[in-house]
Amino acid sequence: MSTGNGGHPPQTTDERLRRLESQVETLAGAVRALAEGLERIPSQDVQQDEQAARGARMAHELLLSQGL
């Protein structure tokens with residue numbers, strides 16, 4: 001019989017909630033990195049393309065580090 005979660009033992013509701021909270025925090029951090037990368041700040045002397053690429057790279061690394 002399948003457990004519906006990749007062969008892992010069934011999780012309690014608290015375990016699932018903690019995992020979901022962690023995933024939401026990770027996704028929020030990734031969105032924040034993307035937003036900061038796309039933000040135009042006139043006082044900074046940074047190329048917009050470089051800033052956007054850095055934000056995208058940070059978001060990607062954050063997601064990968066958390067297995068998402």
# chains A, B, ... in the order shown; residues from 1 in each chain; ligands from 1
>>> residues_around(residues="A:Arg40", least_positions_apart="6", cutoff="12 Å", atoms="only C-alpha atoms", output="PyMOL selection string")
chain A and resi 46-52
>>> write_last_selection(atoms="C-alpha atoms", output="JSON list (two decimals), in the first residue's frame")
[["chain", "number", "residue", "atom", "x", "y", "z"],
["A", 46, "VAL", "CA", 25.08, 48.98, -10.37],
["A", 47, "GLN", "CA", 24.16, 47.72, -13.80],
["A", 48, "GLN", "CA", 20.51, 46.62, -13.78],
["A", 49, "ASP", "CA", 21.32, 43.41, -15.68],
["A", 50, "GLU", "CA", 24.01, 42.44, -13.17],
["A", 51, "GLN", "CA", 21.72, 43.19, -10.24],
["A", 52, "ALA", "CA", 18.86, 41.15, -11.73]]
>>> residues_around(residues="A:His60", least_positions_apart="6", cutoff="10 Å", atoms="only C-alpha atoms", output="PyMOL selection string")
chain A and resi 30+33-34+54+68
>>> atom_distance(atom1="atom CA of A:Gly67", atom2="atom CA of A:Ala28")
14.7 Å
>>> residues_around(residues="A:Thr26", least_positions_apart="5", cutoff="12 Å", atoms="only C-alpha atoms", output="list in words")
Arg19, Leu20, Glu21, Val31, Arg32, Ala33, Met58, Ala59, His60, Glu61, Leu62, Leu63, Leu64, Ser65, Gln66, Gly67 and Leu68 of chain A
>>> write_last_selection(atoms="all heavy atoms", output="CSV table (one decimal), in the first residue's frame")
chain,number,residue,atom,x,y,z
A,19,ARG,N,6.9,21.5,8.1
A,19,ARG,CA,7.6,21.4,6.8
A,19,ARG,C,7.0,22.5,5.8
A,19,ARG,O,7.8,23.2,5.1
A,19,ARG,CB,7.4,20.0,6.2
A,19,ARG,CG,8.1,19.8,4.9
A,19,ARG,CD,8.1,18.4,4.5
A,19,ARG,NE,8.8,18.2,3.2
A,19,ARG,CZ,8.4,17.6,2.2
A,19,ARG,NH1,7.3,17.0,2.2
A,19,ARG,NH2,9.1,17.5,1.1
A,20,LEU,N,5.7,22.7,5.8
A,20,LEU,CA,5.1,23.7,5.0
A,20,LEU,C,5.5,25.1,5.4
A,20,LEU,O,5.8,25.9,4.5
A,20,LEU,CB,3.6,23.6,5.0
A,20,LEU,CG,3.0,22.4,4.3
A,20,LEU,CD1,1.5,22.3,4.6
A,20,LEU,CD2,3.2,22.5,2.8
A,21,GLU,N,5.6,25.3,6.7
A,21,GLU,CA,6.1,26.7,7.1
A,21,GLU,C,7.5,26.9,6.7
A,21,GLU,O,7.8,28.0,6.2
A,21,GLU,CB,6.0,26.7,8.6
A,21,GLU,CG,4.6,26.9,9.2
A,21,GLU,CD,4.5,26.8,10.7
A,21,GLU,OE1,5.5,26.3,11.3
A,21,GLU,OE2,3.5,27.3,11.2
A,31,VAL,N,11.6,34.9,-3.3
A,31,VAL,CA,10.9,36.1,-3.9
A,31,VAL,C,11.5,37.4,-3.6
A,31,VAL,O,11.7,38.3,-4.4
A,31,VAL,CB,9.4,36.0,-3.5
A,31,VAL,CG1,8.7,37.3,-3.9
A,31,VAL,CG2,8.7,34.8,-4.2
A,32,ARG,N,11.9,37.5,-2.3
A,32,ARG,CA,12.6,38.7,-1.8
A,32,ARG,C,13.9,39.0,-2.6
A,32,ARG,O,14.2,40.1,-3.0
A,32,ARG,CB,12.9,38.6,-0.3
A,32,ARG,CG,13.4,39.9,0.3
A,32,ARG,CD,13.4,39.9,1.8
A,32,ARG,NE,13.7,38.6,2.4
A,32,ARG,CZ,12.7,37.8,3.0
A,32,ARG,NH1,11.5,38.2,3.0
A,32,ARG,NH2,13.0,36.6,3.5
A,33,ALA,N,14.7,37.9,-2.8
A,33,ALA,CA,15.9,38.0,-3.6
A,33,ALA,C,15.6,38.5,-5.0
A,33,ALA,O,16.3,39.3,-5.6
A,33,ALA,CB,16.7,36.7,-3.6
A,58,MET,N,20.8,34.2,-6.5
A,58,MET,CA,20.5,34.0,-5.1
A,58,MET,C,19.2,33.2,-4.8
A,58,MET,O,19.2,32.3,-4.0
A,58,MET,CB,20.5,35.3,-4.4
A,58,MET,CG,21.9,36.0,-4.3
A,58,MET,SD,21.8,37.7,-3.6
A,58,MET,CE,21.0,37.4,-2.0
A,59,ALA,N,18.2,33.6,-5.5
A,59,ALA,CA,16.9,32.9,-5.4
A,59,ALA,C,17.0,31.4,-5.7
A,59,ALA,O,16.6,30.5,-5.0
A,59,ALA,CB,15.8,33.5,-6.2
A,60,HIS,N,17.7,31.1,-6.8
A,60,HIS,CA,17.9,29.8,-7.3
A,60,HIS,C,18.7,29.0,-6.3
A,60,HIS,O,18.4,27.8,-5.9
A,60,HIS,CB,18.6,29.8,-8.7
A,60,HIS,CG,18.7,28.4,-9.3
A,60,HIS,ND1,19.9,27.9,-9.6
A,60,HIS,CD2,17.7,27.5,-9.6
A,60,HIS,CE1,19.7,26.7,-10.2
A,60,HIS,NE2,18.4,26.5,-10.1
A,61,GLU,N,19.8,29.5,-5.8
A,61,GLU,CA,20.6,28.8,-4.8
A,61,GLU,C,19.9,28.6,-3.5
A,61,GLU,O,20.0,27.5,-2.9
A,61,GLU,CB,21.9,29.7,-4.5
A,61,GLU,CG,22.9,29.7,-5.7
A,61,GLU,CD,24.0,30.6,-5.5
A,61,GLU,OE1,24.1,31.3,-4.5
A,61,GLU,OE2,24.9,30.7,-6.4
A,62,LEU,N,19.0,29.5,-3.1
A,62,LEU,CA,18.2,29.3,-1.9
A,62,LEU,C,17.3,28.2,-2.1
A,62,LEU,O,17.1,27.3,-1.2
A,62,LEU,CB,17.5,30.6,-1.6
A,62,LEU,CG,16.6,30.6,-0.4
A,62,LEU,CD1,17.4,30.3,0.9
A,62,LEU,CD2,15.9,31.9,-0.2
A,63,LEU,N,16.6,28.1,-3.2
A,63,LEU,CA,15.6,27.0,-3.5
A,63,LEU,C,16.4,25.7,-3.5
A,63,LEU,O,15.9,24.7,-3.0
A,63,LEU,CB,14.9,27.3,-4.8
A,63,LEU,CG,13.9,28.5,-4.7
A,63,LEU,CD1,13.4,28.7,-6.1
A,63,LEU,CD2,12.8,28.3,-3.7
A,64,LEU,N,17.5,25.7,-4.2
A,64,LEU,CA,18.3,24.4,-4.3
A,64,LEU,C,18.8,23.9,-2.9
A,64,LEU,O,18.7,22.7,-2.6
A,64,LEU,CB,19.5,24.6,-5.2
A,64,LEU,CG,19.2,24.7,-6.7
A,64,LEU,CD1,20.5,24.9,-7.5
A,64,LEU,CD2,18.5,23.4,-7.2
A,65,SER,N,19.2,24.9,-2.1
A,65,SER,CA,19.7,24.5,-0.8
A,65,SER,C,18.7,23.9,0.1
A,65,SER,O,19.0,23.1,1.0
A,65,SER,CB,20.3,25.7,-0.1
A,65,SER,OG,19.3,26.6,0.3
A,66,GLN,N,17.4,24.2,-0.2
A,66,GLN,CA,16.3,23.7,0.6
A,66,GLN,C,15.6,22.5,-0.1
A,66,GLN,O,14.5,22.0,0.4
A,66,GLN,CB,15.3,24.8,0.9
A,66,GLN,CG,15.9,25.9,1.8
A,66,GLN,CD,16.4,25.4,3.1
A,66,GLN,OE1,15.7,24.6,3.8
A,66,GLN,NE2,17.6,25.7,3.5
A,67,GLY,N,16.1,22.1,-1.2
A,67,GLY,CA,15.5,20.9,-1.9
A,67,GLY,C,14.2,21.3,-2.6
A,67,GLY,O,13.4,20.4,-2.8
A,68,LEU,N,14.0,22.5,-3.0
A,68,LEU,CA,12.8,22.9,-3.6
A,68,LEU,C,13.0,23.1,-5.1
A,68,LEU,O,14.0,23.4,-5.6
A,68,LEU,CB,12.2,24.2,-3.0
A,68,LEU,CG,11.8,24.0,-1.6
A,68,LEU,CD1,11.3,25.4,-1.0
A,68,LEU,CD2,10.7,23.0,-1.4
